[in-house]
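my_file01.cif, holding mmCIF, C-alpha atoms:
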```cif
data_entry
loop_
_atom_site.label_atom_id
_atom_site.label_comp_id
_atom_site.auth_asym_id
_atom_site.auth_seq_id
_atom_site.Cartn_x
_atom_site.Cartn_y
_atom_site.Cartn_z
CA MET A 1 104.23 121.92 91.13
CA THR A 2 106.33 122.37 94.23
CA ALA A 3 107.61 119.32 96.05
CA VAL A 4 107.26 119.41 99.83
CA ILE A 5 108.99 116.05 100.29
CA GLU A 6 111.63 114.47 98.08
CA VAL A 7 112.76 110.93 98.76
CA GLU A 8 115.62 109.25 96.95
CA ASN A 9 116.65 105.60 97.20
CA LEU A 10 115.29 105.34 100.70
CA THR A 11 116.09 102.04 102.41
CA LYS A 12 115.42 100.87 105.95
CA ARG A 13 116.79 97.52 107.07
CA TYR A 14 116.26 95.83 110.38
CA ARG A 15 118.45 92.86 111.26
CA SER A 16 117.10 90.35 108.75
CA THR A 17 114.27 92.25 107.06
CA THR A 18 114.19 95.13 104.62
CA ALA A 19 111.15 97.21 105.57
CA VAL A 20 111.69 99.89 102.93
CA ASP A 21 113.62 98.91 99.83
CA ASP A 22 115.17 101.58 97.60
CA VAL A 23 112.12 103.81 97.36
CA SER A 24 112.06 107.16 95.52
CA PHE A 25 109.14 109.56 95.18
CA ARG A 26 108.07 113.15 95.75
CA LEU A 27 105.04 114.63 97.44
CA GLU A 28 103.66 117.88 96.05
CA GLU A 29 102.12 120.72 97.98
CA ASN A 30 98.30 120.90 98.29
CA THR A 31 97.61 117.34 97.26
CA ILE A 32 95.84 114.45 98.99
CA TYR A 33 97.70 111.16 98.60
CA GLY A 34 96.54 107.63 99.21
CA PHE A 35 99.38 105.57 100.63
CA LEU A 36 98.28 102.02 100.01
CA GLY A 37 99.57 98.60 100.82
CA GLY A 38 98.79 95.60 102.99
CA ASN A 39 99.77 95.21 106.61
CA GLY A 40 103.55 95.05 106.91
CA ALA A 41 104.12 96.48 103.42
CA GLY A 42 106.23 99.31 104.83
CA LYS A 43 103.74 102.17 105.06
CA THR A 44 104.22 103.03 108.72
CA THR A 45 108.01 102.64 108.50
CA THR A 46 108.14 105.00 105.52
CA MET A 47 106.03 107.62 107.28
CA SER A 48 108.08 107.41 110.46
CA LEU A 49 111.23 107.92 108.35
CA LEU A 50 109.73 110.96 106.63
CA THR A 51 108.77 112.49 109.96
CA ALA A 52 112.23 111.77 111.39
CA GLN A 53 110.93 109.43 114.09
CA ASN A 54 113.23 106.79 112.67
CA ALA A 55 116.53 106.96 110.78
CA PRO A 56 117.05 105.41 107.36
CA THR A 57 119.73 102.83 106.60
CA SER A 58 120.50 104.66 103.37
CA GLY A 59 119.02 107.12 100.94
CA SER A 60 117.99 110.74 101.33
CA ILE A 61 114.92 112.60 102.57
CA ARG A 62 114.30 116.29 102.02
CA VAL A 63 111.33 118.00 103.65
CA PHE A 64 110.78 121.57 102.46
CA GLY A 65 114.27 121.19 101.03
CA GLU A 66 115.87 120.38 104.38
CA ARG A 67 116.93 117.29 106.30
CA PRO A 68 114.19 116.61 108.86
CA TYR A 69 116.29 115.11 111.68
CA GLU A 70 116.10 117.11 114.89
CA ASN A 71 115.06 120.01 112.70
CA HIS A 72 112.25 121.76 114.57
CA ARG A 73 111.72 124.26 111.75
CA VAL A 74 110.64 121.40 109.52
CA LEU A 75 109.06 119.09 112.10
CA SER A 76 106.57 121.67 113.33
CA ARG A 77 105.18 121.85 109.81
CA MET A 78 104.44 118.11 109.76
CA CYS A 79 101.90 116.09 111.71
CA PHE A 80 101.98 112.30 111.91
CA VAL A 81 98.88 110.66 113.38
CA ARG A 82 99.74 107.07 114.15
CA GLU A 83 97.28 104.23 114.37
CA SER A 84 98.67 103.19 117.73
CA GLN A 85 99.57 106.57 119.16
CA ARG A 86 100.89 106.35 122.73
CA TYR A 87 100.08 109.10 125.21
CA PRO A 88 101.71 109.84 128.57
CA GLU A 89 100.17 108.06 131.56
CA ASP A 90 97.15 109.98 133.00
CA PHE A 91 96.92 112.27 129.98
CA THR A 92 93.40 113.38 129.08
CA PRO A 93 92.34 114.38 125.56
CA ARG A 94 92.44 117.99 126.81
CA HIS A 95 96.14 117.62 127.68
CA SER A 96 96.84 116.22 124.23
CA PHE A 97 95.01 119.03 122.47
CA ASP A 98 96.81 121.64 124.60
CA ALA A 99 100.17 120.07 123.76
CA ALA A 100 99.27 120.01 120.07
CA ARG A 101 98.24 123.68 120.21
CA MET A 102 101.67 124.60 121.54
CA PHE A 103 103.54 122.50 119.00
CA PHE A 104 101.68 123.25 115.76
CA PRO A 105 101.90 126.89 114.66
CA ARG A 106 98.75 126.69 112.50
CA TRP A 107 96.57 124.95 115.13
CA ASP A 108 92.93 126.11 114.95
CA GLU A 109 91.32 125.93 118.39
CA ASP A 110 87.78 126.68 117.15
CA PHE A 111 88.04 123.91 114.58
CA ALA A 112 89.36 121.54 117.26
CA GLN A 113 86.41 122.39 119.52
CA ARG A 114 83.96 121.76 116.72
CA LEU A 115 85.54 118.38 116.02
CA ILE A 116 85.49 117.48 119.71
CA ASP A 117 81.72 118.08 119.67
CA ASP A 118 81.30 116.23 116.35
CA PHE A 119 83.11 113.14 117.58
CA HIS A 120 81.75 113.35 121.17
CA VAL A 121 85.17 113.11 122.77
CA PRO A 122 85.11 113.31 126.60
CA VAL A 123 88.00 115.76 127.04
CA HIS A 124 88.49 115.28 130.78
CA THR A 125 88.51 111.49 130.89
CA ALA A 126 91.87 109.71 131.12
CA ILE A 127 92.93 108.58 127.66
CA LYS A 128 93.56 105.03 128.86
CA LYS A 129 89.85 104.81 129.74
CA LEU A 130 88.63 105.85 126.28
CA SER A 131 87.04 103.42 123.86
CA ARG A 132 88.95 102.54 120.71
CA GLY A 133 86.72 104.84 118.68
CA GLN A 134 87.25 107.77 121.05
CA LEU A 135 90.99 107.16 121.02
CA SER A 136 91.06 107.23 117.22
CA ALA A 137 88.98 110.40 117.29
CA VAL A 138 91.61 112.14 119.47
CA GLY A 139 94.23 111.41 116.80
CA VAL A 140 91.96 112.49 113.97
CA ILE A 141 91.12 115.77 115.72
CA ILE A 142 94.80 116.57 116.28
CA GLY A 143 95.62 115.72 112.69
CA LEU A 144 92.88 117.94 111.30
CA ALA A 145 93.08 120.91 113.68
CA ALA A 146 96.89 121.08 113.47
CA ARG A 147 96.46 122.18 109.84
CA ALA A 148 100.08 121.14 109.35
CA GLU A 149 101.40 121.71 105.86
CA ILE A 150 102.05 117.97 105.63
CA THR A 151 99.76 115.63 107.55
CA PHE A 152 100.08 111.86 107.68
CA PHE A 153 97.11 109.81 108.84
CA ASP A 154 98.25 106.25 109.46
CA GLU A 155 94.93 104.41 109.41
CA PRO A 156 93.71 106.24 112.53
CA TYR A 157 90.18 105.94 111.26
CA LEU A 158 90.28 102.16 111.59
CA GLY A 159 89.05 102.52 115.15
CA LEU A 160 86.15 104.72 114.07
CA ASP A 161 82.74 103.28 113.34
CA ALA A 162 81.11 103.84 109.94
CA VAL A 163 79.33 107.04 111.00
CA ALA A 164 82.45 108.57 112.51
CA ARG A 165 84.57 107.58 109.50
CA SER A 166 82.15 109.21 107.16
CA LEU A 167 82.26 112.32 109.34
CA PHE A 168 86.06 112.27 109.22
CA TYR A 169 86.12 112.17 105.41
CA GLU A 170 83.56 114.95 105.23
CA ARG A 171 85.43 117.25 107.62
CA LEU A 172 88.74 116.47 105.94
CA LEU A 173 87.42 117.44 102.50
CA GLU A 174 85.66 120.54 103.79
CA ASP A 175 88.73 121.77 105.59
CA TYR A 176 91.09 120.84 102.75
CA THR A 177 88.93 122.85 100.37
CA HIS A 178 89.39 125.96 102.51
CA SER A 179 92.94 125.26 103.70
CA PRO A 180 94.70 123.23 101.03
CA ARG A 181 97.74 121.29 102.24
CA THR A 182 99.49 117.99 101.67
CA ILE A 183 97.65 115.08 103.25
CA VAL A 184 98.70 111.46 103.17
CA LEU A 185 96.05 108.89 104.04
CA SER A 186 97.50 105.47 104.57
CA SER A 187 95.10 102.60 104.26
CA HIS A 188 94.65 99.06 103.12
CA LEU A 189 90.98 99.87 102.40
CA ILE A 190 91.34 101.53 99.05
CA ASP A 191 87.76 101.87 97.92
CA GLU A 192 86.86 103.89 100.98
CA ILE A 193 89.40 106.62 100.26
CA SER A 194 89.84 106.40 96.50
CA ASP A 195 87.45 109.29 95.77
CA LEU A 196 89.35 111.54 98.16
CA VAL A 197 92.87 110.99 96.93
CA GLU A 198 94.35 112.65 93.90
CA ARG A 199 97.35 110.38 93.69
CA VAL A 200 98.12 106.85 94.76
CA LEU A 201 101.35 105.42 96.10
CA LEU A 202 101.23 101.64 96.40
CA ILE A 203 103.91 99.93 98.44
CA ASP A 204 104.35 96.20 98.76
CA ASP A 205 107.10 94.31 100.52
CA GLY A 206 108.98 97.57 100.97
CA ARG A 207 108.99 98.43 97.28
CA LEU A 208 107.04 101.16 95.55
CA LEU A 209 104.83 99.55 92.90
CA ILE A 210 102.73 102.51 91.82
CA ASP A 211 103.02 106.30 91.93
CA GLU A 212 100.21 107.62 89.75
CA SER A 213 97.16 109.80 89.51
CA THR A 214 94.13 107.97 90.90
CA ASP A 215 92.07 108.76 87.83
CA ASP A 216 94.74 107.41 85.48
CA LEU A 217 94.74 104.16 87.44
CA ARG A 218 90.97 103.83 87.23
CA GLY A 219 91.05 103.20 83.50
CA ARG A 220 94.27 101.25 83.61
CA ALA A 221 93.06 97.67 83.67
CA VAL A 222 90.23 95.92 81.92
CA THR A 223 88.63 92.50 82.26
CA LEU A 224 87.60 90.69 79.08
CA THR A 225 85.16 87.82 79.29
CA GLY A 226 83.97 85.44 76.60
CA ASN A 227 85.18 82.63 74.39
CA ALA A 228 88.48 81.41 75.85
CA ASP A 229 90.34 81.43 72.53
CA GLN A 230 89.27 84.99 71.78
CA VAL A 231 90.12 86.10 75.30
CA ASP A 232 93.60 84.59 75.09
CA ARG A 233 94.18 86.07 71.67
CA PHE A 234 93.39 89.49 73.11
CA ALA A 235 95.47 88.97 76.22
CA GLU A 236 98.54 87.90 74.27
CA GLY A 237 101.38 90.37 74.45
CA ARG A 238 99.78 92.23 77.38
CA THR A 239 100.55 92.13 81.05
CA LEU A 240 98.13 89.53 82.31
CA LEU A 241 97.07 90.27 85.88
CA HIS A 242 94.55 87.52 86.33
CA ARG A 243 92.92 84.76 84.31
CA GLN A 244 90.22 82.32 85.11
CA ALA A 245 88.38 79.85 82.95
CA MET A 246 85.30 77.70 83.14
CA GLY A 247 84.89 75.30 80.25
CA SER A 248 85.22 77.25 77.02
CA VAL A 249 84.62 80.59 78.73
CA ALA A 250 87.48 82.61 80.15
CA SER A 251 88.01 85.97 81.69
CA ALA A 252 91.31 87.81 81.66
CA THR A 253 92.28 90.99 83.45
CA VAL A 254 94.97 92.83 81.53
CA TYR A 255 97.00 95.89 82.47
CA GLY A 256 96.92 98.78 80.04
CA ALA A 257 93.97 100.58 78.50
CA LEU A 258 92.50 99.38 75.21
CA THR A 259 92.48 101.73 72.25
CA ASP A 260 89.11 102.63 70.69
CA ALA A 261 89.85 100.26 67.79
CA GLU A 262 90.67 97.43 70.19
CA GLN A 263 87.49 98.09 72.14
CA ALA A 264 85.42 97.89 68.97
CA GLU A 265 87.22 94.72 67.95
CA ALA A 266 86.57 93.11 71.34
CA THR A 267 82.86 93.92 71.05
CA ALA A 268 82.77 92.60 67.50
CA VAL A 269 84.13 89.19 68.49
CA GLY A 270 81.66 89.01 71.36
CA LEU A 271 83.94 89.77 74.29
CA GLU A 272 82.46 91.58 77.22
CA ARG A 273 84.56 94.36 78.72
CA SER A 274 84.29 95.39 82.32
CA SER A 275 86.24 97.96 84.25
CA VAL A 276 88.40 96.99 87.19
CA PRO A 277 87.78 98.81 90.45
CA LEU A 278 90.87 100.24 92.11
CA GLN A 279 90.71 97.82 95.02
CA GLN A 280 90.72 94.89 92.60
CA LEU A 281 93.56 96.34 90.54
CA VAL A 282 95.71 96.78 93.63
CA VAL A 283 95.03 93.20 94.74
CA HIS A 284 96.01 91.89 91.30
CA LEU A 285 99.18 94.00 91.14
CA THR A 286 100.23 93.02 94.64
CA LYS A 287 99.68 89.32 93.98
CA LYS A 288 101.51 89.56 90.69
CA THR A 289 104.68 90.93 92.20
CA ARG A 290 104.48 88.51 95.10
CA SER A 291 104.25 85.53 92.78
CA GLY A 292 107.77 86.28 91.60
CA HIS A 293 107.13 87.79 88.18
CA SER A 294 108.64 91.09 89.03
CA HIS A 295 106.95 93.70 86.91
CA SER A 296 107.42 96.29 89.58
CA HIS A 297 109.62 98.56 87.52
CA ALA A 298 107.47 98.32 84.44
CA LEU A 299 104.39 99.11 86.50
CA ALA A 300 105.88 102.03 88.35
CA HIS A 301 106.29 103.89 85.06
CA PRO A 302 103.89 102.27 82.67
CA THR A 303 103.17 105.27 80.46
CA PRO A 304 104.81 108.51 79.47
CA SER A 305 102.01 110.32 81.34
CA SER A 306 103.46 109.25 84.67
CA GLU A 307 106.63 111.12 83.80
CA VAL A 308 104.72 114.38 83.97
CA HIS A 309 104.95 114.05 87.70
CA SER A 310 108.74 114.22 87.85
CA MET B 1 76.98 106.23 92.17
CA PHE B 2 80.28 106.29 90.32
CA ASP B 3 81.85 103.39 88.48
CA PRO B 4 85.06 102.67 90.43
CA GLY B 5 86.82 101.47 87.28
CA ARG B 6 86.54 104.64 85.19
CA PRO B 7 88.26 108.00 85.60
CA LEU B 8 86.24 110.00 88.10
CA PHE B 9 86.76 113.35 86.37
CA LEU B 10 85.04 111.97 83.26
CA GLN B 11 82.10 110.82 85.34
CA ILE B 12 81.85 114.25 86.96
CA ALA B 13 81.83 115.86 83.51
CA GLU B 14 79.18 113.38 82.36
CA SER B 15 76.95 114.12 85.36
CA ILE B 16 77.04 117.84 84.47
CA GLU B 17 76.39 117.03 80.80
CA GLU B 18 73.43 114.92 81.86
CA SER B 19 71.93 117.87 83.77
CA ILE B 20 72.37 120.09 80.71
CA VAL B 21 70.80 117.52 78.37
CA ASP B 22 67.78 116.86 80.61
CA GLY B 23 67.29 120.60 81.03
CA SER B 24 67.79 120.80 84.80
CA LEU B 25 70.86 122.95 84.16
CA ALA B 26 69.73 125.62 81.71
CA GLU B 27 71.98 127.47 79.29
CA GLU B 28 73.46 130.67 80.70
CA SER B 29 72.76 129.46 84.25
CA ARG B 30 75.53 129.00 86.80
CA ALA B 31 77.05 125.52 86.90
CA PRO B 32 78.02 123.98 90.25
CA SER B 33 81.44 125.15 91.46
CA THR B 34 84.38 122.84 92.00
CA ASN B 35 83.91 123.07 95.75
CA GLU B 36 80.19 122.35 95.51
CA LEU B 37 80.88 119.32 93.33
CA ALA B 38 83.60 118.10 95.70
CA ALA B 39 81.37 118.47 98.75
CA PHE B 40 78.29 116.98 97.09
CA HIS B 41 80.01 113.93 95.60
CA ARG B 42 82.59 113.73 98.39
CA ILE B 43 85.50 113.72 96.01
CA ASN B 44 88.85 115.42 95.78
CA PRO B 45 88.41 119.06 94.65
CA ALA B 46 91.22 118.64 92.11
CA THR B 47 89.29 115.82 90.46
CA ALA B 48 86.12 117.92 90.37
CA ALA B 49 88.13 120.79 88.87
CA LYS B 50 89.48 118.48 86.17
CA GLY B 51 85.94 117.47 85.24
CA VAL B 52 84.85 121.11 84.99
CA THR B 53 87.97 122.02 82.98
CA ALA B 54 87.21 119.24 80.51
CA LEU B 55 83.82 120.87 79.85
CA VAL B 56 85.35 124.33 79.56
CA ASP B 57 87.86 123.01 77.01
CA ARG B 58 84.97 121.67 74.94
CA GLY B 59 83.06 124.95 75.11
CA ILE B 60 80.19 123.45 77.14
CA LEU B 61 80.93 125.66 80.15
CA TYR B 62 82.61 129.03 80.25
CA LYS B 63 84.10 131.08 83.02
CA LYS B 64 82.80 134.43 84.18
CA ARG B 65 85.54 136.13 86.07
CA GLY B 66 84.90 136.25 89.81
CA ILE B 67 81.45 134.71 89.51
CA GLY B 68 81.93 131.13 88.40
CA MET B 69 81.21 128.69 85.62
CA PHE B 70 78.22 129.07 83.31
CA VAL B 71 76.54 126.87 80.73
CA ALA B 72 77.31 128.13 77.24
CA THR B 73 74.54 128.98 74.82
CA GLY B 74 74.19 126.11 72.36
CA ALA B 75 75.74 123.63 74.83
CA ARG B 76 72.64 121.45 74.93
CA GLN B 77 72.51 121.12 71.14
CA THR B 78 76.24 120.33 71.02
CA LEU B 79 75.76 117.55 73.55
CA LEU B 80 72.70 116.18 71.76
CA ASP B 81 74.65 116.13 68.47
CA GLU B 82 77.55 114.29 70.11
CA ARG B 83 75.25 111.74 71.66
CA THR B 84 73.45 111.15 68.40
CA LYS B 85 76.80 110.44 66.79
CA GLY B 86 77.68 108.03 69.58
CA PHE B 87 74.27 106.37 69.55
CA ALA B 88 75.21 103.77 66.94
CA ASP B 89 78.31 102.65 68.84
CA ALA B 90 76.68 102.71 72.23
CA TYR B 91 73.34 101.10 71.40
CA VAL B 92 73.07 99.77 67.86
CA ALA B 93 76.35 97.78 67.84
CA PRO B 94 75.58 95.83 71.06
CA LEU B 95 71.98 95.37 69.89
CA LEU B 96 73.15 93.76 66.65
CA ALA B 97 75.77 91.67 68.46
CA GLU B 98 73.07 90.22 70.74
CA ALA B 99 70.77 89.71 67.75
CA ARG B 100 73.51 87.74 66.00
CA ARG B 101 73.91 85.49 69.04
CA LEU B 102 70.17 84.82 68.95
CA GLY B 103 70.26 84.06 65.23
CA LEU B 104 68.29 87.18 64.30
CA GLY B 105 69.22 89.06 61.16
CA PRO B 106 69.15 92.87 60.75
CA GLU B 107 65.69 92.62 59.10
CA ASP B 108 64.37 90.76 62.18
CA VAL B 109 65.72 93.54 64.37
CA VAL B 110 64.06 96.18 62.19
CA ARG B 111 60.78 94.25 62.39
CA LEU B 112 61.02 94.03 66.19
CA ILE B 113 61.73 97.75 66.44
CA THR B 114 58.78 98.58 64.19
CA GLU B 115 56.48 96.31 66.18
CA HIS B 116 57.73 97.72 69.44
CA THR B 117 57.26 101.34 68.47
CA GLY B 118 53.98 100.59 66.68
CA HIS B 119 52.37 99.16 69.82
CA PRO B 120 54.28 100.81 72.65
CA THR B 121 51.65 99.92 75.25
CA ASP B 122 50.25 96.68 73.85
CA HIS B 123 52.92 94.14 74.78
CA SER B 124 50.70 91.08 74.49
CA ALA B 125 50.13 91.71 70.77
CA HIS B 126 53.70 90.98 69.74
CA LEU B 127 54.38 88.42 72.44
CA SER B 128 51.53 86.08 71.54
CA PRO B 129 52.87 84.83 68.19
CA GLN B 130 56.11 83.73 69.89
CA GLU B 131 54.21 82.02 72.67
CA ALA B 132 52.07 80.20 70.14
CA ARG B 133 55.17 78.68 68.52
#
```
Please go through the file and, once you have read it, give me the structure as C-alpha cells.
Amino acid sequence: MTAVIEVENLTKRYRSTTAVDDVSFRLEENTIYGFLGGNGAGKTTTMSLLTAQNAPTSGSIRVFGERPYENHRVLSRMCFVRESQRYPEDFTPRHSFDAARMFFPRWDEDFAQRLIDDFHVPVHTAIKKLSRGQLSAVGVIIGLAARAEITFFDEPYLGLDAVARSLFYERLLEDYTHSPRTIVLSSHLIDEISDLVERVLLIDDGRLLIDESTDDLRGRAVTLTGNADQVDRFAEGRTLLHRQAMGSVASATVYGALTDAEQAEATAVGLERSSVPLQQLVVHLTKKTRSGHSHSHALAHPTPSSEVHS
Amino acid sequence: MFDPGRPLFLQIAESIEESIVDGSLAEESRAPSTNELAAFHRINPATAAKGVTALVDRGILYKKRGIGMFVATGARQTLLDERTKGFADAYVAPLLAEARRLGLGPEDVVRLITEHTGHPTDHSAHLSPQEAR
C-alpha cells in the first residue's frame, strides 16, 4: 500500500484547549475512510491541519511525501468540503463550480453537470439565498466532481434530506468504483456510512482511539446476556465496555472476539450472545475513555492484525 | 439486510453461497462482479472484493481471465456438505439447550420431532394432548 498522507505526533493547542493531541496515522491511496467522533472531538481541526488551512502546534504532516503548507503542487490534489463552507458575497453556485474547475486539475465538468441536475441546484441563484440542503449540495458536487486524489467531506451531507443523502452515497460509490481515490467521510452518524468505509479512524477528545478495518471492528465486541454470575465469570479478565443487570440477569459487552471454544462454552451455560453494531461499539469506547479508565492505547492496537496497516 | 455487528465481507460471501445453494446461481455460471455487488448492496468495493476472494480461496468461485468470476463445478455439493457439518452446532445445540430449560430430555425432543414430521399439516393432533393437561 502507498500512503498519501502520513501524520506523526500531530498536536494542535489553542490557548487552554488541546484540539488534537499527539495523533499519528497514515492514509492509503484508493481507500474510503470513516473519520468518526462526536462534535468537538477534533475531526474538523485535524482535517484543516491536513489540508494546510491551519498550522499545527507540533508534529509532522506529509502529503504525497511533501509538506502541504503553501504548496500548490500538493494542495491542488486535495479537496476539503467543509460543513460550514463560506463563499464570497454574491457568489452563485455557478461561480463556485467555475472556480473549482480552475483549481482542481481532474475536475469533470460533465459529472458536475449531472450532479447539478441530480441535486436540483439552482446555479444562478445567489448562494446566500439557497436552502440548507441546496448549500450542502453545492459542497458535495464540488467534492465529487473535483475528483481530487484526496477528498475530505466534513459532514456536508448533514444538510441534505434523506433522499439527497442516499443519492450522495450512491454517486460517491459509483464514481469511486470507476475513479478510485482516497476519500475521508467525517461523521458522527456511523451506521449511515459504515458500509461505505473500508477503514475507521475514531477520534475523541483530540486523541485517536481506533485506526482499524471496519470489518475487523464489526466482530470486535460481543454482548453476553444471562445469569449474572455466569456473565461476570465470562467477563472477568476482559475489557468490559458496558454492564447492566436486572435482578439475577445481567448483560455485559466485552471488547475482543470470543474463540470458537468460548462461544460453545457460553452457549452451553445458557448465555445468549449478540453482536454489537458499530455505532454501539463506538459509543461504548468513547464513554469508556471519557470515564477516566484510559484504555486508549490498548484499544488503538488491540491485535497484531492492526499492525498490518503500518 | 446485513447484521451490523458481523464482518460485512463474510455476509457478502454468505449471500453468494446462499444463491448457489438455492440454485439461483448455477454452477459454471458467472457470479456477480465486485462492482455489481458493491453497487447492489451499496458497500465499499474493497469489502465486496474481500467476500469474493474468500470464496475463491475456498474453491467455490474461480476466475476466468478477463471475463469474471464463475461458480465452480461441485461448489453446491461442497456448500451442502459444510452446512450439514455445521447443522448440529447451529440448530441441534440451541434446540437441546432450550429443551433443557423446559425440562425436556433428549427422548422428549426426539418424540416431538417424530410427531412433527409425522403430521406436518395436522397441528391440532399433537397440540390437543397438551391442552387437555
Tell me which protein, DNA and RNA residues are within 6 Å of segment 43-51 of chain B, counting only C-alpha atoms, leaving out same-chain ones fewer than 6 positions away, and put them as an MDAnalysis selection string.
(chainID A and resid 195:196) or (chainID B and resid 9:10 12:13 34)
Which value, in Å to one decimal, gives the distance between atom CA of Ile193 of chain A and atom CA of Thr214 of chain A?
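Answer for the atom CA of Ile193 of chain A to atom CA of Thr214 of chain A separation: 10.6 Å.
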How would you write as a list of chain:residue names the residues that get within 7 Å of (87.7, 108.2, 115.6) in the file's frame, counting all atoms listed in the file?
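The residues that fall inside the cut-off are A:Gly133, A:Gln134, A:Leu135, A:Ser136, A:Ala137, A:Val138, A:Val140, A:Tyr157, A:Gly159, A:Leu160, A:Ala164, A:Arg165.
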Specify as a short mmCIF file (atom, residue, chain, number, x, y, z; two decimals) with C-alpha atoms, in the frame of the given file each residue included when the PyMOL selection byres ((chain A and resi 250) around 10) is applied to this file.
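out-v9.cif was written with the following content:
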```
data_model
loop_
_atom_site.label_atom_id
_atom_site.label_comp_id
_atom_site.auth_asym_id
_atom_site.auth_seq_id
_atom_site.Cartn_x
_atom_site.Cartn_y
_atom_site.Cartn_z
CA LEU A 224 87.60 90.69 79.08
CA THR A 225 85.16 87.82 79.29
CA GLY A 226 83.97 85.44 76.60
CA ASN A 227 85.18 82.63 74.39
CA ALA A 228 88.48 81.41 75.85
CA ASP A 229 90.34 81.43 72.53
CA GLN A 230 89.27 84.99 71.78
CA VAL A 231 90.12 86.10 75.30
CA ASP A 232 93.60 84.59 75.09
CA ARG A 243 92.92 84.76 84.31
CA GLN A 244 90.22 82.32 85.11
CA ALA A 245 88.38 79.85 82.95
CA MET A 246 85.30 77.70 83.14
CA GLY A 247 84.89 75.30 80.25
CA SER A 248 85.22 77.25 77.02
CA VAL A 249 84.62 80.59 78.73
CA SER A 251 88.01 85.97 81.69
CA ALA A 252 91.31 87.81 81.66
CA LEU A 271 83.94 89.77 74.29
#
```
In Å, with one decimal, what is the gap from atom CA of Gly59 of chain B to atom CA of Val92 of chain B?
28.0 Å
Enumerate, as JSON, numbers by chain, the protein, DNA and RNA residues whose atoms approach (80.8, 124.7, 79.1) to within 10 Å, taking into account all atoms listed in the file and the coordinate frame of the file.
{"B": [13, 16, 17, 20, 27, 28, 31, 52, 53, 54, 55, 56, 57, 58, 59, 60, 61, 62, 63, 69, 70, 71, 72, 73, 74, 75, 76]}
Within 9 Å of chain A: residues of chain B, using all atoms listed in the file, as a ChimeraX atom specification:
/B:3-10,35,38-39,41-47,89,93-94,97-98,101
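What separates atom CA of Lys64 of chain B from atom CA of Phe2 of chain B is a distance of 28.9 Å.
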Contacts of segment 52-60 of chain A at 7 Å or less, counting all atoms listed in the file, minus same-chain residues fewer than 4 places along, as a PyMOL selection string?
chain A and resi 7-13+48+68-69
The selected residues should be written to file as a CSV table (one decimal), keeping the file's coordinate frame (atoms: C-alpha atoms).
```csv
chain,number,residue,atom,x,y,z
A,7,VAL,CA,112.8,110.9,98.8
A,8,GLU,CA,115.6,109.2,97.0
A,9,ASN,CA,116.6,105.6,97.2
A,10,LEU,CA,115.3,105.3,100.7
A,11,THR,CA,116.1,102.0,102.4
A,12,LYS,CA,115.4,100.9,106.0
A,13,ARG,CA,116.8,97.5,107.1
A,48,SER,CA,108.1,107.4,110.5
A,68,PRO,CA,114.2,116.6,108.9
A,69,TYR,CA,116.3,115.1,111.7
```
Could the centre and edge lengths of an axis-aligned box, enclosing all atoms of segment 118-124 of chain A in the file with 3 Å extra on each side, be given in Å to one decimal as lines of an AutoDock Vina configuration file?
```
center_x = 84.9
center_y = 114.7
center_z = 123.6
size_x = 13.2
size_y = 9.1
size_z = 20.4
```
Have a look at A:Arg77, A:Lys129, A:Arg181, A:His242 and name the one nearest to Thr2 of chain A; count all atoms listed in the file.
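Of the candidates, the smallest distance to Thr2 of chain A is held by A:Arg181.
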Counting all atoms listed in the file, what is within 9 Å of Arg207 of chain A, bar same-chain residues fewer than 6 positions away, as an MDAnalysis selection string?
chainID A and resid 19:23 41:42 296
Return as a VMD selection string the set of residues that the PyMOL selection byres ((chain A and resi 84) around 9) yields on the displayed structure.
chain A and resid 81 to 83 85 to 86 136 154 156
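Each of A:Leu285, A:Ile190, A:Val254, A:Ile61 was checked against Gly237 of chain A using all atoms listed in the file; the smallest atom-to-atom distance is that of A:Val254.
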Which residue is closest to Leu36 of chain A? Choose from A:Leu49, A:Ala266, A:Ala146, A:Leu189 and count all atoms listed in the file.
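Among A:Leu49, A:Ala266, A:Ala146, A:Leu189, it is A:Leu189 that comes nearest to Leu36 of chain A.
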Rank nothing, just name the residue among B:Glu18, B:Glu107, B:Glu115, B:Glu36 nearest to Arg83 of chain B, using only C-alpha atoms.
B:Glu18
